[in-house]
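Colleague: So here's query-v5.txt (compact mmCIF, C-alpha atoms and all ligand atoms).
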# COMPACT_ATOMS: atom_id res chain seq x y z
CA MET A 1 -23.92 -33.13 -39.65
CA GLU A 2 -24.12 -29.82 -41.46
CA ILE A 3 -24.15 -26.37 -39.86
CA LEU A 4 -27.06 -24.10 -40.82
CA ASP A 5 -24.88 -21.05 -41.28
CA GLY A 6 -27.18 -18.11 -40.62
CA LYS A 7 -24.32 -15.65 -40.73
CA HIS A 8 -23.40 -16.67 -44.27
CA ILE A 9 -27.00 -16.83 -45.55
CA ALA A 10 -27.78 -13.45 -43.99
CA GLN A 11 -24.74 -11.99 -45.75
CA THR A 12 -25.98 -13.41 -49.08
CA ILE A 13 -29.44 -11.90 -48.54
CA ARG A 14 -27.93 -8.55 -47.58
CA GLN A 15 -26.01 -8.63 -50.87
CA GLU A 16 -29.25 -9.36 -52.75
CA LEU A 17 -30.98 -6.46 -51.00
CA HIS A 18 -28.03 -4.19 -51.73
CA GLU A 19 -28.33 -5.03 -55.44
CA GLN A 20 -32.07 -4.25 -55.31
CA VAL A 21 -31.31 -0.88 -53.69
CA GLU A 22 -28.66 -0.08 -56.32
CA SER A 23 -31.18 -0.86 -59.03
CA LEU A 24 -33.72 1.49 -57.41
CA ILE A 25 -31.12 4.25 -57.29
CA ARG A 26 -30.20 3.69 -60.95
CA ARG A 27 -33.87 4.15 -61.82
CA GLY A 28 -33.95 7.43 -59.87
CA MET A 29 -36.20 6.09 -57.14
CA ARG A 30 -35.98 6.71 -53.42
CA VAL A 31 -34.52 4.00 -51.17
CA PRO A 32 -36.37 2.09 -48.41
CA SER A 33 -36.32 3.70 -45.00
CA LEU A 34 -36.52 2.15 -41.52
CA ALA A 35 -36.73 3.79 -38.09
CA ILE A 36 -35.97 2.10 -34.79
CA VAL A 37 -37.42 3.46 -31.57
CA GLN A 38 -35.36 2.70 -28.48
CA VAL A 39 -36.63 3.63 -25.04
CA GLY A 40 -33.88 3.85 -22.41
CA ASN A 41 -30.44 2.36 -22.82
CA ASN A 42 -30.61 -1.30 -21.80
CA PRO A 43 -27.18 -2.61 -22.95
CA ALA A 44 -28.55 -5.76 -24.68
CA SER A 45 -31.12 -3.63 -26.56
CA THR A 46 -28.42 -1.15 -27.56
CA THR A 47 -26.39 -4.01 -29.09
CA TYR A 48 -29.42 -5.30 -31.04
CA VAL A 49 -30.37 -1.79 -32.21
CA THR A 50 -26.80 -0.99 -33.28
CA ASN A 51 -26.61 -4.23 -35.29
CA LYS A 52 -29.95 -3.57 -36.97
CA LEU A 53 -29.01 -0.01 -37.94
CA LYS A 54 -25.63 -1.19 -39.24
CA ALA A 55 -27.27 -3.90 -41.38
CA CYS A 56 -29.74 -1.34 -42.76
CA ARG A 57 -27.02 1.08 -43.78
CA GLU A 58 -24.93 -1.71 -45.29
CA VAL A 59 -27.66 -2.57 -47.78
CA GLY A 60 -28.26 1.11 -48.58
CA PHE A 61 -31.51 1.73 -46.68
CA ASN A 62 -32.06 4.97 -44.83
CA ALA A 63 -31.90 4.11 -41.13
CA ARG A 64 -33.01 6.40 -38.33
CA LEU A 65 -32.64 5.89 -34.58
CA VAL A 66 -35.31 7.50 -32.42
CA SER A 67 -33.80 7.45 -28.96
CA LEU A 68 -36.16 8.22 -26.08
CA PRO A 69 -35.52 8.49 -22.33
CA ALA A 70 -36.35 5.52 -20.05
CA ASP A 71 -38.78 7.66 -18.04
CA ILE A 72 -40.85 8.74 -21.04
CA SER A 73 -44.57 8.39 -20.31
CA GLN A 74 -46.66 5.91 -22.28
CA GLN A 75 -48.69 8.81 -23.66
CA GLN A 76 -45.55 10.55 -24.95
CA LEU A 77 -44.35 7.32 -26.55
CA LEU A 78 -47.72 6.80 -28.22
CA ALA A 79 -47.54 10.36 -29.56
CA LYS A 80 -44.12 9.58 -31.08
CA ILE A 81 -45.52 6.43 -32.66
CA ASN A 82 -48.38 8.44 -34.18
CA GLU A 83 -45.84 10.81 -35.62
CA LEU A 84 -43.95 7.92 -37.27
CA ASN A 85 -47.23 6.39 -38.46
CA SER A 86 -47.92 9.48 -40.52
CA ASP A 87 -44.33 10.24 -41.57
CA ASN A 88 -44.24 9.51 -45.30
CA SER A 89 -40.45 9.41 -45.34
CA ILE A 90 -40.50 6.19 -43.23
CA ASP A 91 -41.54 2.87 -44.80
CA GLY A 92 -41.44 0.91 -41.58
CA PHE A 93 -40.43 1.13 -37.97
CA ILE A 94 -40.03 -1.00 -34.90
CA VAL A 95 -40.12 -0.30 -31.19
CA GLN A 96 -37.27 -2.26 -29.63
CA LEU A 97 -38.49 -4.56 -26.85
CA PRO A 98 -38.45 -4.94 -23.90
CA LEU A 99 -39.90 -1.62 -22.80
CA PRO A 100 -39.61 -0.17 -19.27
CA SER A 101 -42.15 -1.77 -16.90
CA HIS A 102 -44.40 1.32 -16.70
CA ILE A 103 -45.20 0.98 -20.43
CA ASN A 104 -47.65 -1.60 -21.74
CA GLU A 105 -46.00 -3.42 -24.67
CA THR A 106 -49.29 -4.62 -26.14
CA THR A 107 -50.73 -1.08 -26.20
CA VAL A 108 -47.58 0.14 -27.94
CA THR A 109 -47.52 -2.71 -30.49
CA CYS A 110 -51.19 -2.11 -31.33
CA ALA A 111 -50.55 1.62 -31.83
CA ILE A 112 -48.16 1.00 -34.74
CA ASN A 113 -49.74 1.40 -38.20
CA TYR A 114 -49.83 -2.25 -39.31
CA HIS A 115 -48.67 -1.29 -42.81
CA LYS A 116 -45.42 -0.07 -41.21
CA ASP A 117 -45.12 -2.86 -38.63
CA VAL A 118 -41.92 -4.45 -39.98
CA ASP A 119 -41.53 -6.57 -36.83
CA GLY A 120 -44.83 -8.25 -37.81
CA LEU A 121 -46.15 -8.11 -34.25
CA HIS A 122 -49.36 -6.07 -34.75
CA PRO A 123 -52.52 -8.21 -34.28
CA HIS A 124 -53.49 -7.46 -37.89
CA ASN A 125 -50.28 -9.02 -39.24
CA VAL A 126 -50.39 -11.88 -36.75
CA GLY A 127 -53.96 -12.52 -37.95
CA LEU A 128 -52.86 -12.57 -41.59
CA THR A 129 -50.13 -15.09 -40.70
CA ALA A 130 -52.70 -17.22 -38.88
CA LEU A 131 -54.98 -17.14 -41.93
CA GLY A 132 -52.09 -17.90 -44.28
CA LEU A 133 -52.61 -14.62 -46.13
CA PRO A 134 -49.85 -12.31 -47.36
CA GLY A 135 -48.79 -9.87 -44.68
CA ILE A 136 -45.76 -8.99 -42.61
CA VAL A 137 -44.37 -12.10 -40.92
CA SER A 138 -42.67 -11.83 -37.55
CA ALA A 139 -38.93 -11.44 -38.19
CA THR A 140 -37.51 -14.50 -36.37
CA PRO A 141 -39.92 -17.09 -37.82
CA ARG A 142 -39.47 -15.52 -41.26
CA GLY A 143 -35.69 -15.86 -40.84
CA ILE A 144 -35.93 -19.50 -39.75
CA ARG A 145 -38.17 -20.30 -42.70
CA GLU A 146 -35.70 -18.65 -45.07
CA LEU A 147 -32.75 -20.49 -43.53
CA LEU A 148 -34.44 -23.89 -43.90
CA MET A 149 -35.50 -23.07 -47.47
CA ARG A 150 -32.02 -22.00 -48.53
CA TYR A 151 -30.60 -25.30 -47.26
CA GLY A 152 -33.28 -27.20 -49.19
CA ILE A 153 -34.92 -28.54 -46.02
CA THR A 154 -38.59 -29.24 -46.66
CA THR A 155 -41.31 -29.60 -44.05
CA GLU A 156 -44.15 -31.29 -45.99
CA GLY A 157 -45.53 -34.17 -43.93
CA LYS A 158 -42.78 -33.85 -41.35
CA HIS A 159 -43.23 -33.69 -37.60
CA VAL A 160 -41.92 -30.34 -36.38
CA VAL A 161 -41.70 -29.76 -32.64
CA VAL A 162 -41.62 -26.09 -31.64
CA ILE A 163 -40.60 -25.51 -28.01
CA GLY A 164 -41.77 -22.14 -26.63
CA ARG A 165 -45.10 -20.39 -27.22
CA SER A 166 -44.10 -16.72 -27.34
CA ASN A 167 -45.96 -14.31 -29.60
CA ILE A 168 -42.73 -13.34 -31.38
CA VAL A 169 -41.30 -16.81 -32.10
CA GLY A 170 -43.14 -19.98 -31.05
CA LYS A 171 -46.71 -19.18 -32.07
CA PRO A 172 -46.03 -17.54 -35.46
CA MET A 173 -43.44 -20.24 -36.25
CA ALA A 174 -46.01 -22.97 -35.64
CA MET A 175 -48.56 -21.13 -37.79
CA LEU A 176 -46.17 -20.79 -40.73
CA LEU A 177 -45.16 -24.43 -40.61
CA MET A 178 -48.69 -25.81 -40.57
CA GLN A 179 -50.00 -23.65 -43.46
CA LYS A 180 -50.66 -24.84 -46.94
CA PRO A 181 -47.53 -23.38 -48.60
CA TYR A 182 -49.24 -21.44 -51.36
CA LEU A 183 -51.35 -19.63 -48.80
CA SER A 184 -48.43 -18.61 -46.60
CA LEU A 185 -46.38 -17.31 -49.52
CA PRO A 186 -45.36 -13.70 -48.86
CA LYS A 187 -44.99 -11.46 -51.88
CA MET A 188 -41.21 -11.33 -51.58
CA SER A 189 -40.51 -15.06 -51.24
CA ALA A 190 -39.66 -17.36 -54.10
CA ALA A 191 -40.77 -20.45 -52.23
CA SER A 192 -42.24 -21.37 -48.92
CA LEU A 193 -42.46 -23.98 -46.23
CA GLY A 194 -45.53 -25.53 -44.71
CA ASP A 195 -47.64 -28.68 -44.63
CA ALA A 196 -45.88 -29.86 -41.48
CA THR A 197 -47.48 -31.66 -38.57
CA VAL A 198 -46.65 -29.28 -35.74
CA THR A 199 -46.48 -29.92 -32.01
CA LEU A 200 -46.16 -26.74 -29.96
CA CYS A 201 -44.58 -27.41 -26.55
CA HIS A 202 -44.22 -25.06 -23.58
CA SER A 203 -43.48 -24.93 -19.87
CA LYS A 204 -46.49 -27.09 -18.98
CA THR A 205 -45.89 -29.76 -21.61
CA ARG A 206 -45.58 -33.29 -20.24
CA ASN A 207 -43.18 -35.81 -21.78
CA LEU A 208 -41.16 -33.23 -23.70
CA LYS A 209 -38.39 -35.77 -24.24
CA GLN A 210 -40.73 -38.37 -25.78
CA ILE A 211 -42.30 -35.75 -28.05
CA CYS A 212 -38.89 -34.50 -29.20
CA LEU A 213 -37.72 -38.05 -29.97
CA THR A 214 -40.49 -38.33 -32.58
CA ALA A 215 -39.53 -35.05 -34.31
CA ASP A 216 -37.97 -34.62 -37.74
CA ILE A 217 -37.27 -30.97 -36.93
CA ILE A 218 -36.99 -29.31 -33.49
CA ILE A 219 -37.14 -25.52 -33.09
CA VAL A 220 -36.25 -24.38 -29.56
CA ALA A 221 -37.13 -20.87 -28.33
CA VAL A 222 -37.14 -20.93 -24.55
CA GLY A 223 -34.18 -18.98 -23.13
CA GLN A 224 -32.66 -21.76 -21.01
CA PRO A 225 -29.17 -23.12 -21.66
CA ASN A 226 -29.00 -26.89 -22.25
CA LEU A 227 -32.77 -27.31 -22.36
CA LEU A 228 -32.42 -29.66 -25.33
CA THR A 229 -30.00 -32.49 -24.53
CA ALA A 230 -28.69 -35.36 -26.67
CA ASP A 231 -31.04 -37.96 -25.11
CA MET A 232 -34.02 -35.93 -26.44
CA VAL A 233 -32.90 -36.00 -30.08
CA SER A 234 -33.13 -38.85 -32.60
CA GLU A 235 -30.44 -39.48 -35.21
CA GLY A 236 -30.85 -37.26 -38.30
CA THR A 237 -33.03 -34.57 -36.68
CA VAL A 238 -32.78 -30.95 -37.85
CA VAL A 239 -32.30 -28.67 -34.82
CA VAL A 240 -32.87 -24.90 -34.87
CA ASP A 241 -31.72 -23.10 -31.72
CA VAL A 242 -33.36 -19.70 -31.22
CA GLY A 243 -32.25 -19.15 -27.63
CA ILE A 244 -29.78 -16.43 -26.70
CA ASN A 245 -28.40 -16.77 -23.17
CA ARG A 246 -25.48 -15.01 -21.53
CA ILE A 247 -23.39 -17.29 -19.35
CA ASP A 248 -20.41 -16.28 -17.22
CA ASP A 249 -17.07 -16.88 -18.87
CA PRO A 250 -14.10 -15.34 -17.06
CA SER A 251 -11.84 -16.37 -19.97
CA SER A 252 -13.70 -14.06 -22.36
CA GLU A 253 -12.92 -10.36 -22.59
CA LYS A 254 -16.52 -9.41 -21.76
CA GLY A 255 -16.73 -11.88 -18.86
CA TYR A 256 -19.58 -13.76 -20.54
CA ARG A 257 -20.39 -15.64 -23.73
CA LEU A 258 -23.57 -16.36 -25.64
CA VAL A 259 -25.09 -19.82 -25.80
CA GLY A 260 -28.40 -21.12 -27.10
CA ASP A 261 -30.95 -23.50 -25.59
CA VAL A 262 -29.30 -26.60 -27.03
CA ASP A 263 -26.43 -28.61 -25.55
CA PHE A 264 -24.67 -28.10 -28.87
CA GLN A 265 -21.58 -30.20 -28.16
CA HIS A 266 -23.57 -33.39 -27.52
CA VAL A 267 -26.62 -32.77 -29.71
CA ALA A 268 -24.80 -31.71 -32.90
CA PRO A 269 -23.26 -35.14 -33.71
CA LYS A 270 -26.77 -36.66 -33.85
CA CYS A 271 -28.24 -34.01 -36.18
CA SER A 272 -28.48 -33.83 -39.95
CA PHE A 273 -28.48 -30.01 -39.65
CA ILE A 274 -28.10 -27.68 -36.68
CA THR A 275 -27.84 -23.91 -36.13
CA PRO A 276 -24.98 -22.57 -34.01
CA VAL A 277 -25.32 -19.79 -31.40
CA PRO A 278 -24.13 -17.23 -32.23
CA GLY A 279 -24.25 -17.23 -36.03
CA GLY A 280 -27.49 -19.14 -36.62
CA VAL A 281 -30.93 -17.62 -36.11
CA GLY A 282 -29.72 -14.21 -34.80
CA PRO A 283 -28.36 -12.86 -38.12
CA MET A 284 -31.43 -14.24 -39.93
CA THR A 285 -33.74 -12.25 -37.63
CA ILE A 286 -31.94 -9.02 -38.49
CA VAL A 287 -31.96 -9.68 -42.21
CA SER A 288 -35.69 -10.55 -42.05
CA LEU A 289 -36.35 -7.11 -40.67
CA LEU A 290 -34.65 -5.69 -43.77
CA GLN A 291 -36.66 -8.01 -46.03
CA ASN A 292 -39.88 -6.93 -44.31
CA THR A 293 -38.89 -3.29 -44.86
CA MET A 294 -38.21 -3.96 -48.55
CA GLN A 295 -41.58 -5.77 -48.78
CA VAL A 296 -43.42 -2.74 -47.33
CA TYR A 297 -41.49 -0.39 -49.63
CA MET A 298 -42.32 -2.49 -52.73
CA ASP A 299 -46.00 -2.60 -51.72
CA SER A 300 -46.00 1.20 -51.34
CA ILE A 301 -44.60 1.83 -54.81
CA THR A 302 -46.80 -0.74 -56.58
CA VAL A 303 -50.12 0.45 -55.04
P1 LIG B 1 -40.28 -16.05 -24.02
O1 LIG B 1 -39.09 -15.71 -23.19
O2 LIG B 1 -41.38 -15.07 -24.17
O3 LIG B 1 -40.95 -17.39 -23.49
C1 LIG B 1 -40.25 -18.58 -23.28
C2 LIG B 1 -41.12 -19.75 -23.66
O4 LIG B 1 -40.47 -20.93 -23.24
C3 LIG B 1 -42.50 -19.76 -23.00
O5 LIG B 1 -43.46 -19.91 -24.01
C4 LIG B 1 -42.50 -20.95 -22.06
O6 LIG B 1 -43.74 -21.63 -22.02
C5 LIG B 1 -41.42 -21.83 -22.67
N1 LIG B 1 -40.74 -22.64 -21.65
C6 LIG B 1 -40.17 -22.21 -20.50
N2 LIG B 1 -39.62 -23.26 -19.83
C7 LIG B 1 -39.85 -24.35 -20.58
C8 LIG B 1 -39.54 -25.72 -20.42
N3 LIG B 1 -38.87 -26.16 -19.36
N4 LIG B 1 -39.93 -26.57 -21.38
C9 LIG B 1 -40.60 -26.13 -22.48
N5 LIG B 1 -40.91 -24.84 -22.69
C10 LIG B 1 -40.55 -23.96 -21.74
O7 LIG B 1 -39.78 -16.55 -25.46
P2 LIG B 1 -39.05 -15.75 -26.64
O8 LIG B 1 -39.28 -14.30 -26.52
O9 LIG B 1 -39.48 -16.49 -27.84
O10 LIG B 1 -37.50 -16.00 -26.35
C11 LIG B 1 -36.98 -17.31 -26.20
C12 LIG B 1 -35.47 -17.27 -26.39
O11 LIG B 1 -35.19 -16.93 -27.74
C13 LIG B 1 -34.74 -16.22 -25.54
O12 LIG B 1 -33.47 -16.73 -25.20
C14 LIG B 1 -34.58 -15.06 -26.49
O13 LIG B 1 -33.48 -14.23 -26.15
C15 LIG B 1 -34.35 -15.78 -27.78
N6 LIG B 1 -34.68 -15.04 -28.99
C16 LIG B 1 -33.76 -15.05 -29.98
C17 LIG B 1 -34.03 -14.43 -31.18
C18 LIG B 1 -33.00 -14.49 -32.27
O14 LIG B 1 -33.07 -13.71 -33.18
N7 LIG B 1 -32.08 -15.45 -32.21
C19 LIG B 1 -35.24 -13.76 -31.38
C20 LIG B 1 -36.19 -13.80 -30.36
C21 LIG B 1 -35.91 -14.45 -29.17
Let me see whether you can do it: turn the structure in this file into structure tokens.

Modeller:
Amino acid sequence: MEILDGKHIAQTIRQELHEQVESLIRRGMRVPSLAIVQVGNNPASTTYVTNKLKACREVGFNARLVSLPADISQQQLLAKINELNSDNSIDGFIVQLPLPSHINETTVTCAINYHKDVDGLHPHNVGLTALGLPGIVSATPRGIRELLMRYGITTEGKHVVVIGRSNIVGKPMAMLLMQKPYLSLPKMSAASLGDATVTLCHSKTRNLKQICLTADIIIVAVGQPNLLTADMVSEGTVVVDVGINRIDDPSSEKGYRLVGDVDFQHVAPKCSFITPVPGGVGPMTIVSLLQNTMQVYMDSITV
């Protein structure tokens, strides 16, 4: 069994991006710039936003936090988004989710200029992913694809089971995996994955265990600790755990620890490769956001 070390791969990619930024500076060019909009101060969101800004600054991007009060009206938020849409000093921006319940997330996502949508969640970019055309790929699926590629794991002809049908992970992941690789190739990638036979499972799926037992690769994005247990996994399977769950742990300083959706202790010995939580998909999601920002920047200077 080999660990798919997302922390290490993300560090390598950050180094590559840093070198690209240094080269831009040497040539007297401006550096890529990302803004993050945070509404309210949900502690989990604050942690994610802080980590994203830190990663941005580490590679030499300009990073800007746009912090807005939790009681901001939807109209005021949309006005802020319009401002960022037309701000030429920003290559890309994201609105950190979830948003307060009085704001419609779909309306907000659709209001972002899709050229600047570095989370890859705007219907235009989702549509390009579905068609296998170059566009901005949703950060987590892009990160998983990169992680598999860098470990030399191919998907051609393989049975990949994706558990979870969210718009940010499950659906775009399934779309990327089933594409003909040359069609799904984004401009920034040296290689791609695809040509898999994909089964997308969700809360209403029957016989999840039987389906998983026929998988070469299982990607779990549900948000339920121990959803994937050892009896659901065949010997040699590749397992990618997207889940992030807080469970009580009085022995830890914070009183909780993070676990994924996989019963790691019992599943790992059966796998050929497996991602840990933390240190697997999470760091790859953050670095994908940086890669998407660099992609948008490169497109803007080559137009
Ligand atoms: P979500 O929370 O929107 O939806 C969960 C999905 O799980 C649904 O599609 C549902 O049909 C499915 N599901 C629920 N119970 C199921 C069951 N018993 N069997 C099969 N499927 C079931 O999904 P999300 O936003 O993709 O988040 C999923 C998890 O991934 C969460 O823990 C989230 O925090 C985590 N996440 C991690 C990253 C990362 O970077 N590591 C990024 C995004 C999401």

Colleague: Could you list, as a PyMOL selection string, all the residues within 8 Å of ligand LIG 1 (chain B), counting all atoms listed in the file?

Modeller: chain A and resi 140+163-170+201-205+208+220-224+227+241-245+260-261+280-286

Colleague: Within 7 Å of Ile217 of chain A, counting all atoms listed in the file, which residues qualify if same-chain residues fewer than 2 places away don't, as a PDB file with C-alpha atoms, in the frame of the given file?

Modeller:
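Saved result, part-v2.pdb, follows:
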ATOM      1  CA  HIS A 159     -43.230 -33.690 -37.600  1.00  0.00           C
ATOM      2  CA  VAL A 160     -41.920 -30.340 -36.380  1.00  0.00           C
ATOM      3  CA  VAL A 161     -41.700 -29.760 -32.640  1.00  0.00           C
ATOM      4  CA  ALA A 215     -39.530 -35.050 -34.310  1.00  0.00           C
ATOM      5  CA  ILE A 219     -37.140 -25.520 -33.090  1.00  0.00           C
ATOM      6  CA  THR A 237     -33.030 -34.570 -36.680  1.00  0.00           C
ATOM      7  CA  VAL A 238     -32.780 -30.950 -37.850  1.00  0.00           C
ATOM      8  CA  VAL A 239     -32.300 -28.670 -34.820  1.00  0.00           C
TER       9      VAL A 239
END

Colleague: For Ser300 of chain A, work out the shell of residues within 12 Å, counting only C-alpha atoms and skipping chain neighbours fewer than 5 positions away, then give it as a CSV table (one decimal) with C-alpha atoms, in the frame of the given file.

Modeller:
chain,number,residue,atom,x,y,z
A,30,ARG,CA,-36.0,6.7,-53.4
A,31,VAL,CA,-34.5,4.0,-51.2
A,32,PRO,CA,-36.4,2.1,-48.4
A,33,SER,CA,-36.3,3.7,-45.0
A,88,ASN,CA,-44.2,9.5,-45.3
A,89,SER,CA,-40.4,9.4,-45.3
A,90,ILE,CA,-40.5,6.2,-43.2
A,91,ASP,CA,-41.5,2.9,-44.8
A,92,GLY,CA,-41.4,0.9,-41.6
A,115,HIS,CA,-48.7,-1.3,-42.8
A,116,LYS,CA,-45.4,-0.1,-41.2
A,293,THR,CA,-38.9,-3.3,-44.9
A,294,MET,CA,-38.2,-4.0,-48.6
A,295,GLN,CA,-41.6,-5.8,-48.8

Colleague: Considering all atoms listed in the file, can you say which of A:Ser252, A:Arg57, A:Leu34, A:Tyr48 comes closest to Val118 of chain A?

Modeller: A:Leu34

Colleague: For Ala10 of chain A, which of A:Gly194, A:Pro69, A:Gly143, A:Gly255 is the closest residue, counting all atoms listed in the file?

Modeller: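 Answer, going by the shortest atom-to-atom distance: A:Gly143.
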
Colleague: Report the distance between atom CA of Ser73 of chain A and atom CA of Asn42 of chain A in Å, rounded to one decimal place.

Modeller: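 Interatomic distance here is 17.1 Å.
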
Colleague: I'd like the neighbourhood of Pro100 of chain A as a PyMOL selection string, where a residue qualifies if any of its atoms comes within 9 Å (using only C-alpha atoms), though same-chain residues fewer than 3 positions away should be ignored.

Modeller: chain A and resi 39-40+70-71+97+103-105

Colleague: Generate a file of the selected residues that holds C-alpha atoms, formatted as a compact mmCIF listing (two decimals), keeping the file's coordinate frame.

Modeller:
# COMPACT_ATOMS: atom_id res chain seq x y z
CA VAL A 39 -36.63 3.63 -25.04
CA GLY A 40 -33.88 3.85 -22.41
CA ALA A 70 -36.35 5.52 -20.05
CA ASP A 71 -38.78 7.66 -18.04
CA LEU A 97 -38.49 -4.56 -26.85
CA ILE A 103 -45.20 0.98 -20.43
CA ASN A 104 -47.65 -1.60 -21.74
CA GLU A 105 -46.00 -3.42 -24.67

Colleague: To one decimal place in Å, what is the distance between atom CA of Gln74 of chain A and atom CA of Asp119 of chain A?

Modeller: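 Separation between atom CA of Gln74 of chain A and atom CA of Asp119 of chain A: 19.8 Å.
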
Colleague: Fewer than 4 positions away in the same chain doesn't count, so skip those; otherwise give me all residues within 9 Å of Phe273 of chain A, counting all atoms listed in the file, as a list in words.

Modeller: Met1, Glu2, Ile3, Leu4, Gly236, Thr237, Val238, Val239, Val240 and Ala268 of chain A

Colleague: From the list A:Asn113, A:Thr229, A:Asn207, A:Ser288, which residue is nearest Leu17 of chain A when using only C-alpha atoms?

Modeller: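 Once distances to Leu17 of chain A are computed over only C-alpha atoms, the minimum belongs to A:Ser288.
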
Colleague: When you draw a straight line from atom CA of Thr275 of chain A to atom CA of Asp5 of chain A, how long is it in Å?

Modeller: 6.6 Å

Colleague: With all atoms listed in the file as the basis for distance, which of A:Gln15, A:Ser138, A:Thr129, A:Thr199 is at the shortest distance from Ala55 of chain A?

Modeller: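 The answer is A:Gln15, which sits nearest to Ala55 of chain A.
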
Colleague: Which one of A:Val59, A:Ile36, A:Met173, A:Val49 sits closest to Val95 of chain A if you count only C-alpha atoms?

Modeller: A:Ile36

Colleague: Which polymer residues have any atom within 10 Å of an atom of His18 of chain A, counting all atoms listed in the file, with same-chain residues fewer than 6 positions away left out, as a list in words?

Modeller: Thr12, Leu24, Cys56, Arg57, Glu58, Val59, Gly60 and Phe61 of chain A

Colleague: Which is closest to Arg14 of chain A among A:Leu176, A:Phe93, A:Lys54, A:Ile218, if we use only C-alpha atoms?

Modeller: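 Closest to Arg14 of chain A of all the choices is A:Lys54.
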
Colleague: Which polymer residues, whether protein, DNA or RNA, lie within 8 Å of the coordinate (-47.2, -26.0, -42.7) when you count all atoms listed in the file? List them as number ranges by chain, using the chain letters and numbers from the file.

Modeller: A: 155-156, 174-181, 193-198

Colleague: Each side padded by 6 Å, which centre and which edge lengths in Å (one decimal) define the axis-aligned box around the listed atoms of segment 131-146 of chain A? Give them as lines of an AutoDock Vina configuration file.

Modeller:
center_x = -45.3
center_y = -14.6
center_z = -41.9
size_x = 31.3
size_y = 23.3
size_z = 23.0

Colleague: Would you pull segment 260-264 of chain A out of the block just shown and save all heavy atoms as a compact mmCIF listing (two decimals), in the first residue's frame?

Modeller:
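Everything below was put into result-v1.txt:
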# COMPACT_ATOMS: atom_id res chain seq x y z
N GLY A 260 -11.77 11.44 7.36
CA GLY A 260 -12.44 11.42 6.07
C GLY A 260 -13.69 10.56 6.11
O GLY A 260 -14.30 10.36 7.17
N ASP A 261 -14.06 10.03 4.94
CA ASP A 261 -15.25 9.18 4.83
C ASP A 261 -14.87 7.69 4.84
O ASP A 261 -15.74 6.83 4.72
CB ASP A 261 -15.98 9.47 3.51
CG ASP A 261 -16.61 10.85 3.48
OD1 ASP A 261 -16.74 11.47 4.56
OD2 ASP A 261 -16.98 11.31 2.38
N VAL A 262 -13.57 7.43 4.92
CA VAL A 262 -13.08 6.05 4.79
C VAL A 262 -12.59 5.55 6.15
O VAL A 262 -11.93 6.30 6.88
CB VAL A 262 -11.91 6.01 3.76
CG1 VAL A 262 -11.32 4.61 3.66
CG2 VAL A 262 -12.39 6.50 2.39
N ASP A 263 -12.91 4.31 6.47
CA ASP A 263 -12.36 3.68 7.68
C ASP A 263 -10.90 3.34 7.36
O ASP A 263 -10.56 2.21 7.00
CB ASP A 263 -13.18 2.42 8.01
CG ASP A 263 -12.59 1.64 9.17
OD1 ASP A 263 -11.63 2.14 9.81
OD2 ASP A 263 -13.08 0.52 9.43
N PHE A 264 -10.07 4.35 7.46
CA PHE A 264 -8.69 4.27 6.95
C PHE A 264 -7.93 3.08 7.52
O PHE A 264 -7.28 2.33 6.78
CB PHE A 264 -7.95 5.58 7.27
CG PHE A 264 -6.58 5.65 6.67
CD1 PHE A 264 -6.39 6.16 5.39
CD2 PHE A 264 -5.46 5.19 7.37
CE1 PHE A 264 -5.12 6.21 4.82
CE2 PHE A 264 -4.20 5.24 6.81
CZ PHE A 264 -4.02 5.75 5.54
